[in-house]
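As stored in target-v7.txt (compact mmCIF, C-alpha atoms):
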# COMPACT_ATOMS: atom_id res chain seq x y z
CA MET A 1 -60.88 164.73 13.02
CA ILE A 2 -60.50 161.75 10.74
CA SER A 3 -56.92 161.15 9.60
CA MET A 4 -57.77 158.55 6.97
CA ILE A 5 -59.74 155.44 6.12
CA ARG A 6 -57.55 152.38 5.69
CA VAL A 7 -58.81 149.50 3.55
CA ASP A 8 -57.16 146.30 4.73
CA ASP A 9 -58.28 142.65 4.50
CA ARG A 10 -56.71 141.96 7.85
CA LEU A 11 -58.14 145.08 9.55
CA ILE A 12 -55.71 145.78 12.41
CA HIS A 13 -52.24 144.26 12.21
CA GLY A 14 -48.67 145.48 12.67
CA GLN A 15 -48.63 147.83 9.67
CA VAL A 16 -51.87 149.47 10.75
CA ALA A 17 -51.75 149.38 14.54
CA VAL A 18 -48.17 150.37 15.04
CA VAL A 19 -46.77 151.88 11.87
CA TRP A 20 -49.67 153.99 10.55
CA SER A 21 -51.05 154.95 13.93
CA ARG A 22 -47.65 156.30 14.97
CA PHE A 23 -47.11 158.00 11.62
CA LEU A 24 -50.49 159.72 11.74
CA GLY A 25 -50.37 160.35 15.47
CA VAL A 26 -53.89 159.06 16.06
CA ASP A 27 -55.45 158.44 19.46
CA ARG A 28 -58.46 156.37 18.32
CA ILE A 29 -58.74 153.48 15.87
CA VAL A 30 -62.26 152.68 14.72
CA VAL A 31 -62.72 149.31 13.06
CA ALA A 32 -65.91 149.71 11.06
CA ASN A 33 -67.22 146.29 10.19
CA ASP A 34 -70.60 144.60 10.45
CA GLU A 35 -69.36 140.99 10.44
CA ILE A 36 -66.65 141.09 13.09
CA LEU A 37 -68.96 142.19 15.91
CA GLU A 38 -70.04 138.62 16.69
CA ASN A 39 -66.49 137.33 16.78
CA LYS A 40 -65.11 138.10 20.23
CA THR A 41 -61.90 136.13 19.69
CA GLN A 42 -61.03 138.05 16.57
CA ILE A 43 -61.76 141.35 18.28
CA MET A 44 -59.50 140.34 21.17
CA ALA A 45 -56.73 139.37 18.76
CA LEU A 46 -56.96 142.67 16.92
CA LYS A 47 -57.03 144.65 20.16
CA MET A 48 -53.73 143.08 21.17
CA ALA A 49 -52.05 144.71 18.21
CA VAL A 50 -52.86 148.22 19.37
CA PRO A 51 -50.14 150.03 21.30
CA ALA A 52 -50.73 151.74 24.66
CA GLY A 53 -52.17 155.23 24.35
CA ILE A 54 -54.43 154.41 21.42
CA LYS A 55 -57.97 153.20 22.02
CA PRO A 56 -59.46 150.74 19.54
CA PHE A 57 -63.23 150.49 18.92
CA PHE A 58 -65.09 147.81 16.97
CA ILE A 59 -68.43 149.04 15.70
CA SER A 60 -70.88 148.61 12.83
CA ILE A 61 -70.76 150.79 9.72
CA GLU A 62 -73.94 152.51 10.85
CA ASP A 63 -72.53 153.31 14.28
CA THR A 64 -69.28 154.47 12.69
CA ILE A 65 -71.19 157.02 10.62
CA LYS A 66 -73.02 158.25 13.74
CA LEU A 67 -69.80 158.47 15.71
CA LEU A 68 -67.87 160.32 13.01
CA SER A 69 -70.76 162.73 12.42
CA ASN A 70 -70.86 163.70 16.10
CA PRO A 71 -69.08 167.05 16.62
CA LYS A 72 -67.72 165.68 19.91
CA SER A 73 -65.46 163.42 17.84
CA ASP A 74 -63.66 166.39 16.28
CA ARG A 75 -61.17 166.68 19.10
CA PHE A 76 -59.79 163.18 18.47
CA LYS A 77 -57.46 162.03 15.72
CA ILE A 78 -59.16 158.98 14.31
CA LEU A 79 -57.97 156.22 12.00
CA VAL A 80 -60.89 154.32 10.47
CA VAL A 81 -60.18 150.77 9.30
CA VAL A 82 -62.44 148.78 6.97
CA ASN A 83 -61.81 145.51 5.15
CA LYS A 84 -63.45 146.29 1.82
CA PRO A 85 -63.89 149.31 -0.46
CA GLU A 86 -67.74 149.15 -0.20
CA ASP A 87 -67.52 149.93 3.49
CA ALA A 88 -65.19 152.86 2.85
CA LEU A 89 -67.71 154.17 0.31
CA LYS A 90 -70.63 153.81 2.74
CA VAL A 91 -68.77 155.84 5.36
CA LEU A 92 -67.53 158.43 2.90
CA LYS A 93 -70.99 159.10 1.48
CA GLU A 94 -72.25 160.14 4.93
CA VAL A 95 -69.05 161.64 6.30
CA PRO A 96 -67.57 163.73 3.51
CA GLN A 97 -64.77 165.49 5.39
CA ILE A 98 -62.25 162.63 5.11
CA PRO A 99 -58.90 163.59 3.58
CA LEU A 100 -57.63 160.22 2.39
CA VAL A 101 -58.65 156.66 1.62
CA ASN A 102 -55.60 154.42 1.81
CA LEU A 103 -55.63 150.98 0.20
CA GLY A 104 -53.20 148.78 2.11
CA ASN A 105 -53.83 145.10 1.53
CA TYR A 106 -56.84 143.87 -0.38
CA GLY A 107 -57.95 140.87 -2.39
CA ARG A 108 -54.82 138.74 -2.47
CA MET A 109 -56.67 135.81 -0.95
CA ASN A 110 -59.19 134.11 -3.25
CA ASN A 111 -57.47 135.52 -6.27
CA TYR A 112 -60.08 133.96 -8.55
CA GLN A 113 -63.68 135.17 -8.45
CA ASN A 114 -66.09 133.00 -10.50
CA ASP A 115 -63.06 131.64 -12.36
CA VAL A 116 -62.03 135.13 -13.40
CA LYS A 117 -58.58 136.16 -12.20
CA LYS A 118 -58.60 139.44 -10.32
CA GLN A 119 -56.73 142.41 -11.70
CA GLN A 120 -53.58 143.28 -9.79
CA LEU A 121 -53.21 147.03 -9.23
CA SER A 122 -50.08 146.87 -7.09
CA LYS A 123 -48.07 144.41 -5.03
CA ASN A 124 -50.86 144.11 -2.46
CA ILE A 125 -54.08 145.16 -4.19
CA PHE A 126 -56.18 142.75 -6.28
CA VAL A 127 -59.62 143.76 -7.54
CA THR A 128 -62.68 142.26 -9.19
CA ASN A 129 -64.85 144.17 -11.65
CA GLU A 130 -67.29 144.92 -8.82
CA ASP A 131 -64.44 146.32 -6.73
CA LYS A 132 -63.45 148.55 -9.63
CA HIS A 133 -66.95 150.03 -9.80
CA VAL A 134 -66.84 150.79 -6.10
CA LEU A 135 -63.36 152.30 -6.35
CA ASN A 136 -64.45 154.51 -9.23
CA GLU A 137 -67.40 155.65 -7.19
CA LEU A 138 -65.05 156.38 -4.31
CA MET A 139 -62.87 158.58 -6.49
CA GLU A 140 -65.94 160.35 -7.89
CA THR A 141 -66.68 161.69 -4.41
CA GLY A 142 -63.50 163.73 -4.83
CA VAL A 143 -61.57 162.07 -2.03
CA LYS A 144 -57.91 161.26 -2.57
CA VAL A 145 -57.37 157.50 -2.84
CA ASN A 146 -53.88 156.03 -2.71
CA ILE A 147 -52.21 152.63 -2.52
CA GLN A 148 -49.51 152.37 0.12
CA ALA A 149 -48.88 149.52 2.54
CA VAL A 150 -46.66 151.53 4.91
CA PRO A 151 -45.49 155.16 4.93
CA ALA A 152 -41.90 154.12 4.12
CA GLU A 153 -43.09 152.93 0.71
CA SER A 154 -43.80 155.44 -2.03
CA ASP A 155 -47.51 155.88 -2.63
CA ILE A 156 -49.39 155.17 -5.84
CA GLN A 157 -52.43 157.26 -6.75
CA LEU A 158 -55.35 154.95 -7.52
CA LYS A 159 -56.41 157.06 -10.51
CA ASP A 160 -53.06 156.29 -12.17
CA VAL A 161 -53.45 152.52 -12.00
CA LEU A 162 -57.17 151.85 -12.16
CA LYS A 163 -58.06 151.23 -15.77
CA MET B 164 -28.67 160.29 12.09
CA ARG B 165 -29.94 157.48 14.25
CA LYS B 166 -28.28 154.15 13.51
CA ILE B 167 -29.25 150.76 14.86
CA VAL B 168 -27.16 147.64 15.35
CA LEU B 169 -28.82 144.30 16.09
CA ALA B 170 -26.53 141.51 17.25
CA SER B 171 -27.20 137.92 18.22
CA HIS B 172 -26.02 134.36 18.57
CA GLY B 173 -27.09 132.74 15.30
CA LEU B 174 -29.48 134.21 12.76
CA PHE B 175 -31.90 135.84 15.22
CA ALA B 176 -30.72 139.41 14.52
CA LYS B 177 -30.89 138.91 10.78
CA GLY B 178 -34.36 137.40 11.12
CA ILE B 179 -35.67 140.29 13.23
CA LYS B 180 -34.48 142.79 10.63
CA ASP B 181 -36.30 140.80 7.96
CA SER B 182 -39.49 140.76 10.06
CA ILE B 183 -39.27 144.49 10.80
CA GLU B 184 -38.85 145.31 7.11
CA MET B 185 -41.84 143.15 6.27
CA ILE B 186 -43.96 145.23 8.64
CA CYS B 187 -42.40 148.68 8.42
CA GLY B 188 -40.68 148.78 5.00
CA LYS B 189 -36.95 149.01 4.19
CA GLN B 190 -34.71 150.11 7.05
CA PRO B 191 -31.23 150.88 5.71
CA GLN B 192 -30.17 152.35 9.07
CA ILE B 193 -30.28 148.88 10.67
CA GLN B 194 -27.14 146.76 10.52
CA VAL B 195 -27.09 143.21 11.81
CA PHE B 196 -24.41 140.99 13.24
CA SER B 197 -25.37 137.36 13.45
CA MET B 198 -22.54 135.42 15.05
CA LEU B 199 -22.48 131.92 13.57
CA ARG B 200 -21.13 128.68 15.11
CA GLU B 201 -17.82 128.96 13.31
CA ASP B 202 -17.38 132.62 14.33
CA THR B 203 -16.07 134.24 17.48
CA THR B 204 -17.26 137.47 19.08
CA GLU B 205 -14.46 139.13 17.11
CA VAL B 206 -16.87 139.27 14.14
CA VAL B 207 -19.23 141.41 16.17
CA TYR B 208 -16.48 143.45 17.78
CA SER B 209 -14.72 144.42 14.58
CA GLY B 210 -17.95 145.07 12.67
CA VAL B 211 -19.39 147.36 15.33
CA ASN B 212 -16.01 148.98 15.84
CA ASP B 213 -15.96 149.97 12.15
CA ILE B 214 -19.39 151.53 12.47
CA ILE B 215 -18.39 153.46 15.57
CA GLU B 216 -15.22 154.79 13.98
CA ASN B 217 -17.30 156.18 11.15
CA LEU B 218 -19.90 157.89 13.35
CA THR B 219 -20.14 161.65 13.00
CA ASP B 220 -20.94 164.02 15.87
CA ASN B 221 -24.59 164.06 14.83
CA ASP B 222 -24.96 160.30 14.80
CA VAL B 223 -26.55 158.30 17.57
CA LEU B 224 -25.96 154.56 17.67
CA VAL B 225 -28.36 152.23 19.45
CA MET B 226 -27.09 148.67 19.73
CA ILE B 227 -29.40 145.84 20.77
CA SER B 228 -28.04 142.50 21.91
CA ASP B 229 -30.01 139.27 22.11
CA PHE B 230 -29.96 138.69 25.88
CA PRO B 231 -28.27 139.96 29.03
CA GLY B 232 -25.22 138.00 30.10
CA GLY B 233 -24.52 136.51 26.69
CA SER B 234 -21.13 137.07 25.08
CA ILE B 235 -22.66 139.33 22.43
CA ASN B 236 -23.93 141.69 25.10
CA THR B 237 -20.61 141.55 26.94
CA THR B 238 -18.76 142.43 23.74
CA LEU B 239 -21.04 145.37 22.99
CA MET B 240 -20.80 146.73 26.53
CA SER B 241 -17.17 147.52 25.93
CA PHE B 242 -18.22 150.20 23.40
CA LEU B 243 -20.37 152.16 25.83
CA GLU B 244 -17.45 154.10 27.28
CA ARG B 245 -16.36 155.32 23.84
CA ASN B 246 -18.81 158.18 23.69
CA GLU B 247 -22.16 159.30 25.00
CA ASN B 248 -23.94 158.84 21.67
CA ILE B 249 -23.59 155.08 21.90
CA HIS B 250 -26.38 153.16 23.64
CA LEU B 251 -27.03 149.50 24.39
CA LEU B 252 -30.31 147.69 24.98
CA THR B 253 -30.68 143.97 25.47
CA GLY B 254 -33.51 141.43 25.18
CA LEU B 255 -33.96 141.95 21.46
CA ASN B 256 -37.54 141.63 20.30
CA ILE B 257 -39.78 142.90 17.53
CA MET B 258 -41.59 145.61 19.49
CA MET B 259 -38.32 146.96 20.86
CA VAL B 260 -36.91 147.48 17.37
CA MET B 261 -40.21 148.78 16.03
CA GLU B 262 -40.25 151.58 18.62
CA LEU B 263 -36.76 152.67 17.58
CA VAL B 264 -37.60 152.55 13.90
CA LEU B 265 -40.84 154.51 14.24
CA ALA B 266 -39.65 157.16 16.68
CA ASN B 267 -39.67 160.81 15.61
CA GLN B 268 -36.38 162.44 14.82
CA GLU B 269 -37.15 165.16 17.40
CA GLU B 270 -37.67 162.81 20.33
CA THR B 271 -34.76 162.42 22.74
CA ILE B 272 -32.90 159.15 22.69
CA GLU B 273 -33.51 158.66 26.42
CA SER B 274 -37.26 158.79 25.95
CA ILE B 275 -37.16 156.50 22.92
CA LYS B 276 -35.08 153.93 24.79
CA GLU B 277 -37.46 154.02 27.71
CA ARG B 278 -40.46 153.39 25.46
CA ALA B 279 -38.63 150.67 23.55
CA VAL B 280 -37.95 148.75 26.75
CA MET B 281 -41.52 149.24 28.00
CA SER B 282 -43.08 148.13 24.71
CA ALA B 283 -40.79 145.11 24.53
CA LYS B 284 -41.85 144.04 28.02
CA ASN B 285 -45.52 144.67 27.29
CA SER B 286 -45.39 142.54 24.18
CA ILE B 287 -44.65 139.41 26.20
CA ARG B 288 -48.01 138.01 27.24
CA ASP B 289 -49.89 134.87 28.14
CA VAL B 290 -52.71 135.31 25.68
CA GLU B 291 -55.18 133.17 27.65
CA LYS B 292 -54.74 135.38 30.69
CA LEU B 293 -55.08 138.64 28.80
CA VAL B 294 -57.73 140.61 30.56
CA GLU B 295 -59.97 142.79 28.51
CA THR B 296 -59.32 146.11 30.12
CA GLU B 297 -61.08 148.27 27.59
CA GLU B 298 -64.24 146.26 27.00
CA GLY B 299 -66.98 148.71 26.11
CA GLY B 300 -64.74 151.71 26.86
CA ASN B 301 -66.18 155.15 26.19
CA PHE B 302 -64.90 156.73 23.00
CA TYR B 303 -64.92 160.19 24.52
CA ASP B 304 -63.05 159.43 27.77
Rewrite the structure of this file - the entire thing - as structure tokens.
Amino acid sequence: MISMIRVDDRLIHGQVAVVWSRFLGVDRIVVANDEILENKTQIMALKMAVPAGIKPFFISIEDTIKLLSNPKSDRFKILVVVNKPEDALKVLKEVPQIPLVNLGNYGRMNNYQNDVKKQQLSKNIFVTNEDKHVLNELMETGVKVNIQAVPAESDIQLKDVLK
Amino acid sequence: MRKIVLASHGLFAKGIKDSIEMICGKQPQIQVFSMLREDTTEVVYSGVNDIIENLTDNDVLVMISDFPGGSINTTLMSFLERNENIHLLTGLNIMMVMELVLANQEETIESIKERAVMSAKNSIRDVEKLVETEEGGNFYD
């Protein structure tokens, strides 16, 4: 069972590995990312953040879809982590039974894209026009999308801030 | 309610609270006592004493001192005999506090303390010597 998809530039870090995983009570974290697979050092660094009792996996988007579609995965509580909304959309299109897409930290680095300043949706979320298209498409699938860095903060519904 | 006191020589305790809030969000249940050069342990003693005098029967207080054998820890030890809802850990570090902050309300304090100490110890590592124990682990195991 998939608890949520987290969108976070930094993939696994303290907020994700310790705070959310404890809050959701997950036993698996799947980092779905095509670029990170070649970078063993980064994978090692991210693995260090994960507390005992939770197994982290680093796999491609395609393999993530296969894994999540396998009925054998139903008995696990899984947190899926991606670093951009496109990847969340790719997963969601093939795996519809996901209750929540959570935007944690996104787009603060490189705040200018082709000299156009990104739009700030919240303290930690900055989007380009392309991102907005993807986010709209995400919401059109019917999934709930919120903005919330950690559970202790109140959550913002994306539909209320995305104009 | 579960209350937490962090106490240290210098600004360490204050800094840890700041770090924890950066990662986990606001934590009003944490109070810090950073003993400065011009202070004596009296600052810590009287501050914690006030907190303890205002505890209700449902409150649990977990104090964490910076290191064993320091005068902060010695000062806090004197509170342990006051009542059984007062606890003291030492060796303050980020993971230790994070375990306390994130623990369920239902979990017993003994089990939370045990995990806090274990996580604190496990967070101290020589990164170069970290062995990859879960390389290629099976998702379904």
Contact residues (chain A, partner chain B, 7 Å, all atoms listed in the file) as a compact mmCIF listing (two decimals) with C-alpha atoms, in the coordinates of the input:
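The resulting file, result17.txt, is reproduced below:
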# COMPACT_ATOMS: atom_id res chain seq x y z
CA GLY A 14 -48.67 145.48 12.67
CA GLN A 15 -48.63 147.83 9.67
CA VAL A 19 -46.77 151.88 11.87
CA VAL A 150 -46.66 151.53 4.91
CA ALA A 152 -41.90 154.12 4.12
CA GLU A 153 -43.09 152.93 0.71
For region 267-280 of chain B, what centre and edge lengths in Å (one decimal) does the axis-aligned box get once 5 Å is added on each side of all its listed atoms, as AutoDock Vina command-line options?
--center_x -36.7 --center_y 157.0 --center_z 21.3 --size_x 17.6 --size_y 26.4 --size_z 22.9
Quiz item: With all atoms listed in the file as the basis for distance, which of B:Leu263, B:Asp289, B:His172, B:Ala279 is at the shortest distance from Asn236 (chain B)?
Solution: B:His172
Quiz item: With distances taken over only C-alpha atoms, which of A:Ile61, A:Leu89, A:Val18, A:Ala52 is nearest to Met281 (chain B)?
Solution: A:Ala52
Quiz prompt | Contacts of Ile147 (chain A) within 6 Å, only C-alpha atoms, excl. fewer than 5 positions in-chain, as a list in words | solution =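 Listed by chain and then number, they are Asn102, Leu103, Asp155 and Ile156 of chain A.
Of the listed residues B:Pro191, B:Glu247, B:Phe242, B:Ser197, the one whose atoms come nearest to Val211 (chain B) is B:Phe242, with distances taken using all atoms listed in the file.
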Counting all atoms listed in the file, find the residues whose atoms lie at most 7 Å from (-59.5, 151.7, -9.9) (file coordinates) and write them out as a PDB file with C-alpha atoms, keeping the file's coordinate frame.
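Final file, part.pdb:
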ATOM      1  CA  LYS A 132     -63.450 148.550  -9.630  1.00  0.00           C
ATOM      2  CA  LEU A 135     -63.360 152.300  -6.350  1.00  0.00           C
ATOM      3  CA  ASN A 136     -64.450 154.510  -9.230  1.00  0.00           C
ATOM      4  CA  LEU A 158     -55.350 154.950  -7.520  1.00  0.00           C
ATOM      5  CA  LYS A 159     -56.410 157.060 -10.510  1.00  0.00           C
ATOM      6  CA  VAL A 161     -53.450 152.520 -12.000  1.00  0.00           C
ATOM      7  CA  LEU A 162     -57.170 151.850 -12.160  1.00  0.00           C
ATOM      8  CA  LYS A 163     -58.060 151.230 -15.770  1.00  0.00           C
TER       9      LYS A 163
END
So which residues are close to (-56.8, 158.3, 8.3), meaning at most 10 Å away in the file's coordinates with only C-alpha atoms counted, and can you show them as a PDB file with C-alpha atoms, keeping the file's coordinate frame?
ATOM      1  CA  MET A   1     -60.880 164.730  13.020  1.00  0.00           C
ATOM      2  CA  ILE A   2     -60.500 161.750  10.740  1.00  0.00           C
ATOM      3  CA  SER A   3     -56.920 161.150   9.600  1.00  0.00           C
ATOM      4  CA  MET A   4     -57.770 158.550   6.970  1.00  0.00           C
ATOM      5  CA  ILE A   5     -59.740 155.440   6.120  1.00  0.00           C
ATOM      6  CA  ARG A   6     -57.550 152.380   5.690  1.00  0.00           C
ATOM      7  CA  TRP A  20     -49.670 153.990  10.550  1.00  0.00           C
ATOM      8  CA  SER A  21     -51.050 154.950  13.930  1.00  0.00           C
ATOM      9  CA  LEU A  24     -50.490 159.720  11.740  1.00  0.00           C
ATOM     10  CA  GLY A  25     -50.370 160.350  15.470  1.00  0.00           C
ATOM     11  CA  VAL A  26     -53.890 159.060  16.060  1.00  0.00           C
ATOM     12  CA  ILE A  29     -58.740 153.480  15.870  1.00  0.00           C
ATOM     13  CA  LYS A  77     -57.460 162.030  15.720  1.00  0.00           C
ATOM     14  CA  ILE A  78     -59.160 158.980  14.310  1.00  0.00           C
ATOM     15  CA  LEU A  79     -57.970 156.220  12.000  1.00  0.00           C
ATOM     16  CA  VAL A  80     -60.890 154.320  10.470  1.00  0.00           C
ATOM     17  CA  VAL A  81     -60.180 150.770   9.300  1.00  0.00           C
ATOM     18  CA  ILE A  98     -62.250 162.630   5.110  1.00  0.00           C
ATOM     19  CA  PRO A  99     -58.900 163.590   3.580  1.00  0.00           C
ATOM     20  CA  LEU A 100     -57.630 160.220   2.390  1.00  0.00           C
ATOM     21  CA  VAL A 101     -58.650 156.660   1.620  1.00  0.00           C
ATOM     22  CA  ASN A 102     -55.600 154.420   1.810  1.00  0.00           C
TER      23      ASN A 102
END
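Proximity to Thr253 (chain B) was assessed for B:Ser182, B:Asn217, B:Ser228, B:Thr237 counting all atoms listed in the file; the smallest distance is recorded for B:Ser228.
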Quiz item: Of the candidates A:Lys40, A:Asn33, A:Ala45, A:Ala17, which shows the shortest atom-to-atom distance to Val82 (chain A), using all atoms listed in the file?
Solution: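 Distance minimum relative to Val82 (chain A) lands on A:Asn33.
If you look at CA of Ile193 (chain B) and CA of Leu243 (chain B), they are 18.4 Å away from each other.
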Exercise. Pick out the residues sitting within 9 Å of Lys90 (chain A), and hand them over as a list of chain:residue names; count all atoms listed in the file, and ignore anything fewer than 3 positions along from it in its own chain.
Key: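 Using all atoms listed in the file, the neighbours found are A:Ile61, A:Glu62, A:Ile65, A:Pro85, A:Glu86, A:Asp87, A:Lys93, A:Glu94, A:Val95.
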Writing out the chosen residues with C-alpha atoms as a compact mmCIF listing (two decimals), in the frame of the given file:
# COMPACT_ATOMS: atom_id res chain seq x y z
CA ILE A 61 -70.76 150.79 9.72
CA GLU A 62 -73.94 152.51 10.85
CA ILE A 65 -71.19 157.02 10.62
CA PRO A 85 -63.89 149.31 -0.46
CA GLU A 86 -67.74 149.15 -0.20
CA ASP A 87 -67.52 149.93 3.49
CA LYS A 93 -70.99 159.10 1.48
CA GLU A 94 -72.25 160.14 4.93
CA VAL A 95 -69.05 161.64 6.30
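You can rank B:Ile167, B:Val207, B:Met198, B:Leu218 by their closest distance to His250 (chain B) using all atoms listed in the file, and at the top of that list sits B:Ile167.
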I'd like the neighbourhood of Ile12 (chain A) as a JSON list (two decimals) with C-alpha atoms, in the coordinates of the input, where a residue qualifies if any of its atoms comes within 7 Å (using all atoms listed in the file), though same-chain residues fewer than 3 positions away should be ignored.
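What ended up in around27.json:
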[["chain", "number", "residue", "atom", "x", "y", "z"],
["A", 16, "VAL", "CA", -51.87, 149.47, 10.75],
["A", 17, "ALA", "CA", -51.75, 149.38, 14.54],
["A", 46, "LEU", "CA", -56.96, 142.67, 16.92],
["A", 49, "ALA", "CA", -52.05, 144.71, 18.21]]
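Pairwise distance (CA of Asp222 (chain B), CA of Ala170 (chain B)) equals 19.0 Å.
Picture a line from CA of Arg165 (chain B) to CA of Gln192 (chain B); it runs 7.3 Å.
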